[in-house]
>>> print(open('entry-v6.txt').read())   # compact mmCIF, C-alpha atoms and all ligand atoms
# COMPACT_ATOMS: atom_id res chain seq x y z
CA MET A 1 -0.36 20.53 -2.45
CA ARG A 2 1.15 17.89 -0.15
CA LEU A 3 -1.25 15.08 0.68
CA VAL A 4 -1.49 11.69 2.32
CA LEU A 5 -4.33 9.38 1.23
CA LEU A 6 -5.31 7.18 4.16
CA GLY A 7 -7.86 4.40 4.16
CA PRO A 8 -8.46 0.67 4.09
CA PRO A 9 -7.37 -1.54 1.19
CA GLY A 10 -9.63 -1.02 -1.81
CA ALA A 11 -10.89 2.37 -0.62
CA GLY A 12 -9.89 3.84 -3.98
CA LYS A 13 -6.70 5.62 -2.89
CA GLY A 14 -4.67 4.61 -5.95
CA THR A 15 -7.51 5.43 -8.34
CA GLN A 16 -8.07 8.93 -6.89
CA ALA A 17 -4.31 9.51 -6.67
CA GLY A 18 -4.16 8.96 -10.44
CA VAL A 19 -6.95 11.47 -11.11
CA LEU A 20 -5.60 14.04 -8.64
CA CYS A 21 -2.00 13.81 -9.90
CA ASN A 22 -3.20 14.44 -13.47
CA THR A 23 -5.40 17.34 -12.43
CA TYR A 24 -3.01 19.09 -10.06
CA SER A 25 0.34 17.90 -11.54
CA LEU A 26 1.46 16.23 -8.33
CA MET A 27 3.99 13.46 -7.87
CA HIS A 28 2.44 10.11 -6.92
CA MET A 29 4.33 7.99 -4.39
CA SER A 30 2.74 4.65 -3.58
CA THR A 31 4.65 2.29 -1.29
CA GLY A 32 2.54 -0.61 -2.63
CA ASP A 33 3.62 0.18 -6.23
CA LEU A 34 7.27 0.65 -5.20
CA LEU A 35 7.25 -2.66 -3.34
CA ARG A 36 5.56 -4.54 -6.22
CA GLU A 37 8.21 -3.12 -8.59
CA ALA A 38 10.94 -4.34 -6.21
CA VAL A 39 9.34 -7.81 -6.09
CA LYS A 40 9.10 -7.90 -9.91
CA ASN A 41 12.80 -6.97 -10.20
CA ASN A 42 13.75 -9.52 -7.55
CA SER A 43 15.79 -6.83 -5.77
CA PRO A 44 16.96 -7.41 -2.15
CA VAL A 45 14.05 -5.24 -0.89
CA GLY A 46 11.63 -7.17 -3.11
CA VAL A 47 12.85 -10.53 -1.81
CA GLN A 48 12.39 -9.36 1.80
CA ALA A 49 9.00 -7.73 1.17
CA LYS A 50 7.35 -10.53 -0.83
CA SER A 51 6.55 -12.91 2.02
CA TYR A 52 4.83 -10.12 4.00
CA MET A 53 2.86 -8.88 1.00
CA ASP A 54 1.69 -12.38 0.04
CA LYS A 55 0.18 -12.79 3.51
CA GLY A 56 -1.32 -9.29 3.58
CA GLU A 57 0.97 -8.26 6.45
CA LEU A 58 2.81 -4.94 6.66
CA VAL A 59 6.37 -4.88 5.39
CA PRO A 60 8.73 -3.85 8.26
CA ASP A 61 8.84 -0.10 8.92
CA GLU A 62 12.58 0.24 8.28
CA ILE A 63 12.21 -1.03 4.70
CA VAL A 64 9.32 1.23 3.70
CA THR A 65 10.53 4.33 5.53
CA ARG A 66 13.96 4.03 3.87
CA MET A 67 12.26 3.68 0.49
CA ILE A 68 10.18 6.85 0.98
CA THR A 69 12.80 9.02 2.65
CA GLU A 70 15.29 8.19 -0.13
CA LYS A 71 12.69 9.09 -2.73
CA LEU A 72 11.87 12.36 -0.98
CA LYS A 73 15.56 13.28 -0.91
CA LYS A 74 16.26 12.31 -4.54
CA GLN A 75 13.22 13.73 -6.32
CA ASP A 76 12.10 17.31 -6.53
CA VAL A 77 8.80 17.25 -4.65
CA SER A 78 8.56 21.00 -4.11
CA ASP A 79 5.61 21.26 -6.55
CA GLY A 80 3.56 18.86 -4.44
CA PHE A 81 2.97 15.16 -3.96
CA ILE A 82 0.51 12.48 -2.97
CA LEU A 83 1.57 9.71 -0.61
CA ASP A 84 -0.67 6.69 -1.17
CA GLY A 85 -0.46 3.80 1.30
CA PHE A 86 2.19 5.53 3.42
CA PRO A 87 2.36 6.06 6.37
CA ARG A 88 0.63 2.98 7.82
CA THR A 89 1.95 3.01 11.40
CA LYS A 90 2.56 5.77 13.93
CA ASN A 91 6.31 5.15 13.65
CA GLN A 92 6.13 5.64 9.86
CA ALA A 93 4.10 8.84 10.40
CA GLN A 94 6.70 10.24 12.79
CA ILE A 95 9.60 9.43 10.46
CA LEU A 96 7.71 11.04 7.57
CA GLU A 97 7.04 14.16 9.61
CA ALA A 98 10.73 14.54 10.47
CA ALA A 99 11.80 14.00 6.83
CA LEU A 100 9.28 16.58 5.54
CA ASN A 101 10.26 19.09 8.24
CA ASP A 102 13.90 18.75 7.13
CA LEU A 103 12.78 19.64 3.60
CA ASN A 104 10.55 22.43 4.92
CA LEU A 105 7.63 20.78 3.12
CA PRO A 106 5.11 19.76 5.82
CA LEU A 107 1.88 17.95 4.93
CA ASP A 108 -1.10 20.13 4.00
CA MET A 109 -3.76 17.50 4.43
CA VAL A 110 -4.46 13.84 5.17
CA VAL A 111 -7.56 12.58 3.38
CA TYR A 112 -9.22 9.65 5.09
CA PHE A 113 -11.36 7.48 2.78
CA ASP A 114 -14.04 6.08 5.10
CA THR A 115 -15.20 2.92 3.30
CA ASN A 116 -17.44 0.01 4.28
CA GLU A 117 -16.23 -3.58 4.19
CA GLU A 118 -18.74 -4.77 1.58
CA THR A 119 -17.46 -2.10 -0.83
CA ILE A 120 -13.85 -3.12 -0.12
CA LEU A 121 -14.42 -6.82 -0.84
CA LYS A 122 -16.31 -6.14 -4.06
CA ARG A 123 -13.71 -3.66 -5.28
CA LEU A 124 -10.65 -5.79 -4.51
CA THR A 125 -11.96 -9.11 -5.86
CA GLY A 126 -12.87 -7.34 -9.13
CA ARG A 127 -9.74 -5.20 -9.49
CA ARG A 128 -7.59 -5.65 -12.61
CA ILE A 129 -4.36 -3.71 -13.31
CA CYS A 130 -2.41 -3.09 -16.49
CA ARG A 131 0.93 -4.89 -16.47
CA ASP A 132 2.51 -2.17 -18.63
CA CYS A 133 1.20 1.23 -17.47
CA GLY A 134 -0.36 0.34 -14.07
CA LYS A 135 -3.82 1.77 -14.90
CA ILE A 136 -6.45 0.41 -12.52
CA PHE A 137 -9.75 -1.12 -13.71
CA HIS A 138 -12.62 -3.03 -12.14
CA ILE A 139 -14.50 -5.81 -13.91
CA THR A 140 -17.88 -4.17 -13.29
CA ASN A 141 -17.31 -0.69 -11.75
CA ILE A 142 -14.69 0.54 -14.22
CA PRO A 143 -14.49 -2.12 -16.94
CA PRO A 144 -12.00 -1.93 -19.80
CA LYS A 145 -13.47 -1.53 -23.30
CA LYS A 146 -11.91 -4.86 -24.36
CA ASP A 147 -11.90 -7.73 -21.86
CA GLY A 148 -8.46 -8.17 -20.25
CA ILE A 149 -6.87 -5.34 -22.28
CA CYS A 150 -5.86 -1.88 -21.03
CA ASP A 151 -7.76 1.02 -22.67
CA ALA A 152 -4.73 3.32 -22.35
CA CYS A 153 -1.88 1.19 -23.74
CA GLU A 154 -3.40 -2.19 -24.79
CA GLY A 155 -1.29 -3.92 -22.11
CA GLU A 156 -2.45 -7.12 -20.46
CA LEU A 157 -4.62 -6.76 -17.33
CA TYR A 158 -3.77 -8.92 -14.32
CA GLN A 159 -5.10 -9.60 -10.83
CA ARG A 160 -2.83 -8.80 -7.87
CA ASP A 161 -1.64 -11.85 -5.87
CA ASP A 162 -2.94 -10.29 -2.65
CA ASP A 163 -6.43 -9.67 -4.09
CA LYS A 164 -7.61 -13.17 -3.09
CA GLU A 165 -10.46 -13.22 -0.59
CA GLU A 166 -8.46 -14.76 2.31
CA THR A 167 -5.58 -12.29 1.89
CA ILE A 168 -8.01 -9.37 1.53
CA LYS A 169 -9.61 -10.32 4.87
CA ASN A 170 -6.20 -10.32 6.54
CA ARG A 171 -5.30 -6.97 4.96
CA ILE A 172 -8.49 -5.48 6.43
CA LYS A 173 -7.61 -6.94 9.86
CA VAL A 174 -4.07 -5.55 9.63
CA TYR A 175 -5.45 -2.15 8.61
CA ASN A 176 -7.84 -2.09 11.59
CA LYS A 177 -5.09 -3.16 14.01
CA GLN A 178 -2.08 -1.22 12.76
CA THR A 179 -3.18 1.69 10.56
CA SER A 180 -6.57 2.98 11.69
CA ASP A 181 -4.92 4.67 14.74
CA LEU A 182 -3.54 7.21 12.27
CA ILE A 183 -7.05 8.65 11.90
CA ASP A 184 -6.82 9.96 15.50
CA TYR A 185 -3.15 10.81 15.12
CA TYR A 186 -3.77 13.16 12.18
CA GLY A 187 -7.11 14.31 13.65
CA GLN A 188 -5.19 15.66 16.64
CA LYS A 189 -2.82 17.47 14.31
CA LYS A 190 -5.91 19.11 12.71
CA ILE A 191 -4.98 18.14 9.15
CA LEU A 192 -7.42 15.22 8.71
CA ASN A 193 -10.34 15.44 6.28
CA LYS A 194 -12.79 12.55 6.11
CA VAL A 195 -14.52 11.69 2.82
CA SER A 196 -16.72 8.75 1.85
CA GLY A 197 -14.74 6.11 -0.04
CA ASP A 198 -18.08 4.51 -1.03
CA LEU A 199 -18.82 7.25 -3.59
CA ASP A 200 -18.16 6.57 -7.25
CA VAL A 201 -14.92 7.88 -8.77
CA ASP A 202 -16.32 11.13 -10.23
CA GLU A 203 -18.45 11.97 -7.18
CA LEU A 204 -15.48 11.47 -4.88
CA PHE A 205 -13.25 13.60 -7.09
CA GLU A 206 -15.82 16.45 -6.88
CA VAL A 207 -15.90 16.14 -3.07
CA LEU A 208 -12.10 16.25 -2.95
CA LYS A 209 -11.91 19.26 -5.26
CA ASN A 210 -14.37 21.16 -3.03
CA THR A 211 -12.48 20.13 0.10
CA PHE A 212 -9.20 21.46 -1.35
CA GLU A 213 -10.85 24.71 -2.49
CA LYS A 214 -12.35 25.30 0.96
CA SER A 215 -8.92 24.76 2.52
CA GLY A 216 -7.24 27.09 0.04
CA LEU A 217 -5.17 24.28 -1.53
CA LYS A 218 -4.35 24.18 -5.25
P1 LIG B 1 -1.02 -1.28 -1.26
O1 LIG B 1 -0.71 -1.49 -2.68
O2 LIG B 1 -0.82 0.07 -0.68
O3 LIG B 1 -2.48 -1.82 -1.00
P2 LIG B 1 -3.69 -1.28 -0.10
O4 LIG B 1 -3.44 -0.18 0.86
O5 LIG B 1 -4.18 -2.53 0.47
O6 LIG B 1 -4.55 -0.54 -1.07
P3 LIG B 1 -5.02 -1.03 -2.44
O7 LIG B 1 -3.98 -0.71 -3.48
O8 LIG B 1 -5.46 -2.45 -2.36
O9 LIG B 1 -6.35 -0.18 -2.64
P4 LIG B 1 -6.64 1.30 -3.11
O10 LIG B 1 -7.27 2.03 -1.97
O11 LIG B 1 -5.46 1.95 -3.76
O12 LIG B 1 -7.77 1.00 -4.17
P5 LIG B 1 -7.78 1.14 -5.78
O13 LIG B 1 -7.79 2.57 -6.17
O14 LIG B 1 -6.77 0.25 -6.40
O15 LIG B 1 -0.17 -2.29 -0.36
C1 LIG B 1 0.00 -3.65 -0.69
C2 LIG B 1 0.91 -4.32 0.33
O16 LIG B 1 2.19 -3.69 0.33
C3 LIG B 1 0.43 -4.23 1.79
O17 LIG B 1 -0.47 -5.26 2.12
C4 LIG B 1 1.76 -4.35 2.53
O18 LIG B 1 2.20 -5.68 2.58
C5 LIG B 1 2.73 -3.58 1.65
N1 LIG B 1 2.81 -2.14 2.01
C6 LIG B 1 2.43 -1.08 1.23
N2 LIG B 1 2.65 0.07 1.86
C7 LIG B 1 3.17 -0.25 3.08
C8 LIG B 1 3.59 0.51 4.19
N3 LIG B 1 3.49 1.85 4.21
N4 LIG B 1 4.04 -0.15 5.29
C9 LIG B 1 4.16 -1.50 5.30
N5 LIG B 1 3.77 -2.29 4.29
C10 LIG B 1 3.28 -1.67 3.18
O19 LIG B 1 -9.25 0.58 -6.08
C11 LIG B 1 -9.61 -0.77 -5.81
C12 LIG B 1 -10.61 -1.25 -6.90
O20 LIG B 1 -11.81 -0.49 -6.82
C13 LIG B 1 -10.11 -1.04 -8.35
O21 LIG B 1 -10.56 -2.13 -9.12
C14 LIG B 1 -10.78 0.27 -8.81
O22 LIG B 1 -11.01 0.26 -10.20
C15 LIG B 1 -12.08 0.24 -8.02
N6 LIG B 1 -12.48 1.58 -7.57
C16 LIG B 1 -11.66 2.52 -7.05
N7 LIG B 1 -12.36 3.61 -6.68
C17 LIG B 1 -13.66 3.33 -6.97
C18 LIG B 1 -14.87 4.06 -6.80
N8 LIG B 1 -14.86 5.27 -6.24
N9 LIG B 1 -16.03 3.49 -7.20
C19 LIG B 1 -16.02 2.24 -7.74
N10 LIG B 1 -14.92 1.49 -7.92
C20 LIG B 1 -13.74 2.04 -7.54
>>> encode(input="entry-v6.txt", output="structure tokens")
Amino acid sequence: MRLVLLGPPGAGKGTQAGVLCNTYSLMHMSTGDLLREAVKNNSPVGVQAKSYMDKGELVPDEIVTRMITEKLKKQDVSDGFILDGFPRTKNQAQILEAALNDLNLPLDMVVYFDTNEETILKRLTGRRICRDCGKIFHITNIPPKKDGICDACEGELYQRDDDKEETIKNRIKVYNKQTSDLIDYYGQKKILNKVSGDLDVDELFEVLKNTFEKSGLK
């Protein structure tokens, strides 16, 4: 199964990607995670990307497309993958399409998480992430058993720098201006499936499972 998860910040793309990758043994590729890793390592890409990420702006296309196309070339993705947070512009979508055609591995489906703004704000202001294993929690929706500690590995939970209210508002604006056009783009290619991002994690997983079954994907 070869999927793109598309939707506004906080729609639950990363959370569902985790569940889906475990269930269907897919490779998870998140440009947000790759960029945060680069920032943490202070690599040249990380240094360039940080100022954009801190403001909630998109990192330039050439940086993210290079990151993903290199990953697609280096790793064996023939058993399936989930792209989470990529593509985010029409240019990125076209470069992705060409790279996947070269590999003879075109996308099966783009899942659009339709999510209301109130849900987004509540989810992002309450999000906490494990510093060690990257597991995603929420202070009220998906709380850890012990405050501030990861259930899976006992790592420390932290709040992302761009999960501050002002930056979140800009990320939503940027999404509406630069990314939401991809809904029509993939709609016209007849591979778009819309689901409600407002559902809870288990409900949404059930909807996704049924959607894949109906489309013959496994
Ligand atoms: P990125 O990391 O991709 O951020 P995003 O798209 O803004 O998405 P998020 O990670 O914030 O949200 P999510 O939908 O994954 O939600 P999650 O599952 O965590 O990008 C960050 C930055 O990197 C960008 O601003 C940009 O600068 C740069 N960047 C990345 N990709 C780029 C690209 N392609 N081009 C250019 N720049 C790029 O869930 C959120 C919270 O809600 C969590 O606390 C979770 O526990 C909770 N939750 C999740 N699902 C549910 C549910 N169903 N019910 C209740 N709570 C839930």
>>> closest_atom_pairs(input="entry-v6.txt", of="chain A", to="ligand LIG 1 (chain B)", cutoff="7 Å", atoms="only C-alpha atoms and all ligand atoms", output="CSV")
residue,atom,partner,partner_atom,distance
A:Gly7,CA,B:LIG1,O10,6.6
A:Pro8,CA,B:LIG1,O4,6.0
A:Pro9,CA,B:LIG1,O5,3.4
A:Gly10,CA,B:LIG1,O9,3.5
A:Ala11,CA,B:LIG1,O10,3.9
A:Gly12,CA,B:LIG1,O13,3.3
A:Lys13,CA,B:LIG1,O10,3.7
A:Gly14,CA,B:LIG1,O11,3.5
A:Thr15,CA,B:LIG1,O13,3.6
A:Gln16,CA,B:LIG1,O13,6.4
A:Ser30,CA,B:LIG1,O2,6.5
A:Thr31,CA,B:LIG1,N2,4.3
A:Gly32,CA,B:LIG1,O1,3.4
A:Asp33,CA,B:LIG1,O1,5.8
A:Leu35,CA,B:LIG1,O16,6.3
A:Tyr52,CA,B:LIG1,O18,5.4
A:Met53,CA,B:LIG1,O18,3.6
A:Gly56,CA,B:LIG1,O17,4.4
A:Glu57,CA,B:LIG1,O18,4.8
A:Leu58,CA,B:LIG1,N5,3.7
A:Val59,CA,B:LIG1,N5,3.8
A:Pro60,CA,B:LIG1,C9,5.9
A:Asp61,CA,B:LIG1,N4,6.0
A:Val64,CA,B:LIG1,N4,5.7
A:Asp84,CA,B:LIG1,O2,6.6
A:Gly85,CA,B:LIG1,O2,4.2
A:Phe86,CA,B:LIG1,N3,4.0
A:Pro87,CA,B:LIG1,N3,4.9
A:Arg88,CA,B:LIG1,N3,4.7
A:Arg123,CA,B:LIG1,O20,4.0
A:Leu124,CA,B:LIG1,C12,5.1
A:Gly126,CA,B:LIG1,O21,5.7
A:Arg127,CA,B:LIG1,O21,3.2
A:Arg128,CA,B:LIG1,O21,5.8
A:Ile136,CA,B:LIG1,O22,5.1
A:Phe137,CA,B:LIG1,O22,4.0
A:His138,CA,B:LIG1,O21,3.8
A:Asn141,CA,B:LIG1,N10,5.0
A:Ile142,CA,B:LIG1,O22,5.5
A:Arg171,CA,B:LIG1,O17,5.9
A:Gly197,CA,B:LIG1,N8,6.3
A:Asp198,CA,B:LIG1,N8,6.2
A:Leu199,CA,B:LIG1,N8,5.2
A:Asp200,CA,B:LIG1,N8,3.7
A:Val201,CA,B:LIG1,N8,3.6
A:Leu204,CA,B:LIG1,N8,6.4
>>> atom_distance(input="entry-v6.txt", atom1="CA of Gly18 (chain A)", atom2="CA of Leu182 (chain A)")
22.8 Å
>>> closest_residue(input="entry-v6.txt", among="A:Leu217, A:Ala98, A:Ala152, A:Ala93", to="Leu6 (chain A)", atoms="all atoms listed in the file")
A:Ala93
>>> residues_around(input="entry-v6.txt", residues="Glu70 (chain A)", least_positions_apart="6", cutoff="12 Å", atoms="all atoms listed in the file", output="mmCIF file with C-alpha atoms, in the frame of the given file")
data_model
loop_
_atom_site.group_PDB
_atom_site.id
_atom_site.type_symbol
_atom_site.label_atom_id
_atom_site.label_comp_id
_atom_site.auth_asym_id
_atom_site.auth_seq_id
_atom_site.Cartn_x
_atom_site.Cartn_y
_atom_site.Cartn_z
ATOM 1 C CA MET A 29 4.330 7.990 -4.390
ATOM 2 C CA GLU A 62 12.580 0.240 8.280
ATOM 3 C CA ILE A 63 12.210 -1.030 4.700
ATOM 4 C CA VAL A 64 9.320 1.230 3.700
ATOM 5 C CA ASP A 76 12.100 17.310 -6.530
ATOM 6 C CA LEU A 96 7.710 11.040 7.570
ATOM 7 C CA ALA A 99 11.800 14.000 6.830
ATOM 8 C CA LEU A 100 9.280 16.580 5.540
#
>>> residues_around(input="entry-v6.txt", residues="Leu157 (chain A)", least_positions_apart="2", cutoff="9 Å", atoms="only C-alpha atoms", output="number ranges by chain")
A: 128-132, 134-137, 147-150, 154-155, 159
>>> closest_residue(input="entry-v6.txt", among="A:Asp79, A:Glu203, A:Asp162, A:Glu117", to="Ser25 (chain A)", atoms="only C-alpha atoms")
A:Asp79
>>> closest_residue(input="entry-v6.txt", among="A:Tyr186, A:Phe205, A:Tyr158, A:Tyr175", to="Ala17 (chain A)", atoms="all atoms listed in the file")
A:Phe205
>>> closest_residue(input="entry-v6.txt", among="A:Ile191, A:Lys164, A:Glu37, A:Met1", to="Gly80 (chain A)", atoms="all atoms listed in the file")
A:Met1
>>> atom_distance(input="entry-v6.txt", atom1="CA of Leu3 (chain A)", atom2="CA of Leu83 (chain A)")
6.2 Å
>>> atom_distance(input="entry-v6.txt", atom1="CA of Lys194 (chain A)", atom2="CA of Asp114 (chain A)")
6.7 Å
>>> closest_residue(input="entry-v6.txt", among="A:Cys153, A:Val174, A:Met109, A:Leu26", to="Lys189 (chain A)", atoms="all atoms listed in the file")
A:Met109
>>> closest_residue(input="entry-v6.txt", among="A:Lys40, A:Glu213, A:Leu121, A:Phe113", to="Leu192 (chain A)", atoms="all atoms listed in the file")
A:Phe113
>>> axis_aligned_box(input="entry-v6.txt", around="region 183-192 of chain A", padding_each_side="6 Å", output="JSON")
{"center_x": -5.1, "center_y": 13.9, "center_z": 12.7, "size_x": 16.6, "size_y": 22.5, "size_z": 19.9}
>>> build_atoms(input="entry-v6.txt", residues="region 32-42 of chain A", atoms="all heavy atoms", output="PDB file, in the coordinates of the input")
ATOM      1  N   GLY A  32       2.965   0.672  -2.043  1.00  0.00           N
ATOM      2  CA  GLY A  32       2.540  -0.610  -2.630  1.00  0.00           C
ATOM      3  C   GLY A  32       3.149  -0.787  -4.022  1.00  0.00           C
ATOM      4  O   GLY A  32       3.713  -1.836  -4.348  1.00  0.00           O
ATOM      5  N   ASP A  33       3.056   0.260  -4.861  1.00  0.00           N
ATOM      6  CA  ASP A  33       3.620   0.180  -6.230  1.00  0.00           C
ATOM      7  C   ASP A  33       5.134   0.001  -6.185  1.00  0.00           C
ATOM      8  O   ASP A  33       5.697  -0.802  -6.940  1.00  0.00           O
ATOM      9  CB  ASP A  33       3.301   1.456  -7.032  1.00  0.00           C
ATOM     10  CG  ASP A  33       1.829   1.549  -7.425  1.00  0.00           C
ATOM     11  OD1 ASP A  33       1.101   0.543  -7.266  1.00  0.00           O
ATOM     12  OD2 ASP A  33       1.410   2.635  -7.869  1.00  0.00           O
ATOM     13  N   LEU A  34       5.794   0.759  -5.288  1.00  0.00           N
ATOM     14  CA  LEU A  34       7.270   0.650  -5.200  1.00  0.00           C
ATOM     15  C   LEU A  34       7.680  -0.756  -4.769  1.00  0.00           C
ATOM     16  O   LEU A  34       8.636  -1.332  -5.302  1.00  0.00           O
ATOM     17  CB  LEU A  34       7.815   1.682  -4.204  1.00  0.00           C
ATOM     18  CG  LEU A  34       7.703   3.153  -4.620  1.00  0.00           C
ATOM     19  CD1 LEU A  34       8.082   4.064  -3.457  1.00  0.00           C
ATOM     20  CD2 LEU A  34       8.604   3.446  -5.821  1.00  0.00           C
ATOM     21  N   LEU A  35       6.911  -1.307  -3.822  1.00  0.00           N
ATOM     22  CA  LEU A  35       7.250  -2.660  -3.340  1.00  0.00           C
ATOM     23  C   LEU A  35       6.976  -3.704  -4.426  1.00  0.00           C
ATOM     24  O   LEU A  35       7.779  -4.629  -4.624  1.00  0.00           O
ATOM     25  CB  LEU A  35       6.452  -2.988  -2.074  1.00  0.00           C
ATOM     26  CG  LEU A  35       6.873  -2.232  -0.814  1.00  0.00           C
ATOM     27  CD1 LEU A  35       5.825  -2.363   0.289  1.00  0.00           C
ATOM     28  CD2 LEU A  35       8.224  -2.728  -0.303  1.00  0.00           C
ATOM     29  N   ARG A  36       5.857  -3.558  -5.147  1.00  0.00           N
ATOM     30  CA  ARG A  36       5.560  -4.540  -6.220  1.00  0.00           C
ATOM     31  C   ARG A  36       6.638  -4.477  -7.316  1.00  0.00           C
ATOM     32  O   ARG A  36       7.017  -5.497  -7.873  1.00  0.00           O
ATOM     33  CB  ARG A  36       4.162  -4.299  -6.813  1.00  0.00           C
ATOM     34  CG  ARG A  36       3.058  -4.942  -5.968  1.00  0.00           C
ATOM     35  CD  ARG A  36       1.688  -4.780  -6.583  1.00  0.00           C
ATOM     36  NE  ARG A  36       1.223  -3.414  -6.539  1.00  0.00           N
ATOM     37  CZ  ARG A  36       0.691  -2.823  -5.468  1.00  0.00           C
ATOM     38  NH1 ARG A  36       0.524  -3.500  -4.358  1.00  0.00           N
ATOM     39  NH2 ARG A  36       0.313  -1.562  -5.489  1.00  0.00           N
ATOM     40  N   GLU A  37       7.129  -3.276  -7.606  1.00  0.00           N
ATOM     41  CA  GLU A  37       8.210  -3.120  -8.590  1.00  0.00           C
ATOM     42  C   GLU A  37       9.467  -3.846  -8.089  1.00  0.00           C
ATOM     43  O   GLU A  37      10.144  -4.540  -8.854  1.00  0.00           O
ATOM     44  CB  GLU A  37       8.471  -1.606  -8.756  1.00  0.00           C
ATOM     45  CG  GLU A  37       9.398  -1.202  -9.877  1.00  0.00           C
ATOM     46  CD  GLU A  37       8.881  -1.558 -11.270  1.00  0.00           C
ATOM     47  OE1 GLU A  37       7.661  -1.678 -11.461  1.00  0.00           O
ATOM     48  OE2 GLU A  37       9.750  -1.738 -12.153  1.00  0.00           O
ATOM     49  N   ALA A  38       9.754  -3.683  -6.795  1.00  0.00           N
ATOM     50  CA  ALA A  38      10.940  -4.340  -6.210  1.00  0.00           C
ATOM     51  C   ALA A  38      10.796  -5.858  -6.272  1.00  0.00           C
ATOM     52  O   ALA A  38      11.759  -6.575  -6.563  1.00  0.00           O
ATOM     53  CB  ALA A  38      11.128  -3.865  -4.770  1.00  0.00           C
ATOM     54  N   VAL A  39       9.581  -6.348  -6.026  1.00  0.00           N
ATOM     55  CA  VAL A  39       9.340  -7.810  -6.090  1.00  0.00           C
ATOM     56  C   VAL A  39       9.543  -8.285  -7.531  1.00  0.00           C
ATOM     57  O   VAL A  39      10.223  -9.288  -7.790  1.00  0.00           O
ATOM     58  CB  VAL A  39       7.909  -8.153  -5.600  1.00  0.00           C
ATOM     59  CG1 VAL A  39       7.568  -9.618  -5.882  1.00  0.00           C
ATOM     60  CG2 VAL A  39       7.760  -7.850  -4.108  1.00  0.00           C
ATOM     61  N   LYS A  40       8.990  -7.523  -8.481  1.00  0.00           N
ATOM     62  CA  LYS A  40       9.100  -7.900  -9.910  1.00  0.00           C
ATOM     63  C   LYS A  40      10.576  -7.963 -10.332  1.00  0.00           C
ATOM     64  O   LYS A  40      10.989  -8.868 -11.059  1.00  0.00           O
ATOM     65  CB  LYS A  40       8.366  -6.838 -10.739  1.00  0.00           C
ATOM     66  CG  LYS A  40       8.075  -7.255 -12.159  1.00  0.00           C
ATOM     67  CD  LYS A  40       7.117  -6.277 -12.802  1.00  0.00           C
ATOM     68  CE  LYS A  40       7.728  -5.659 -14.029  1.00  0.00           C
ATOM     69  NZ  LYS A  40       6.955  -4.538 -14.550  1.00  0.00           N
ATOM     70  N   ASN A  41      11.378  -7.018  -9.826  1.00  0.00           N
ATOM     71  CA  ASN A  41      12.800  -6.970 -10.200  1.00  0.00           C
ATOM     72  C   ASN A  41      13.664  -7.906  -9.364  1.00  0.00           C
ATOM     73  O   ASN A  41      14.872  -7.960  -9.554  1.00  0.00           O
ATOM     74  CB  ASN A  41      13.352  -5.545 -10.044  1.00  0.00           C
ATOM     75  CG  ASN A  41      12.679  -4.591 -11.001  1.00  0.00           C
ATOM     76  OD1 ASN A  41      12.195  -5.000 -12.051  1.00  0.00           O
ATOM     77  ND2 ASN A  41      12.616  -3.325 -10.632  1.00  0.00           N
ATOM     78  N   ASN A  42      13.012  -8.591  -8.399  1.00  0.00           N
ATOM     79  CA  ASN A  42      13.750  -9.520  -7.550  1.00  0.00           C
ATOM     80  C   ASN A  42      14.915  -8.832  -6.812  1.00  0.00           C
ATOM     81  O   ASN A  42      15.962  -9.448  -6.604  1.00  0.00           O
ATOM     82  CB  ASN A  42      14.283 -10.664  -8.424  1.00  0.00           C
ATOM     83  CG  ASN A  42      14.183 -11.985  -7.698  1.00  0.00           C
ATOM     84  OD1 ASN A  42      13.524 -12.071  -6.660  1.00  0.00           O
ATOM     85  ND2 ASN A  42      14.859 -12.994  -8.209  1.00  0.00           N
TER      86      ASN A  42
END
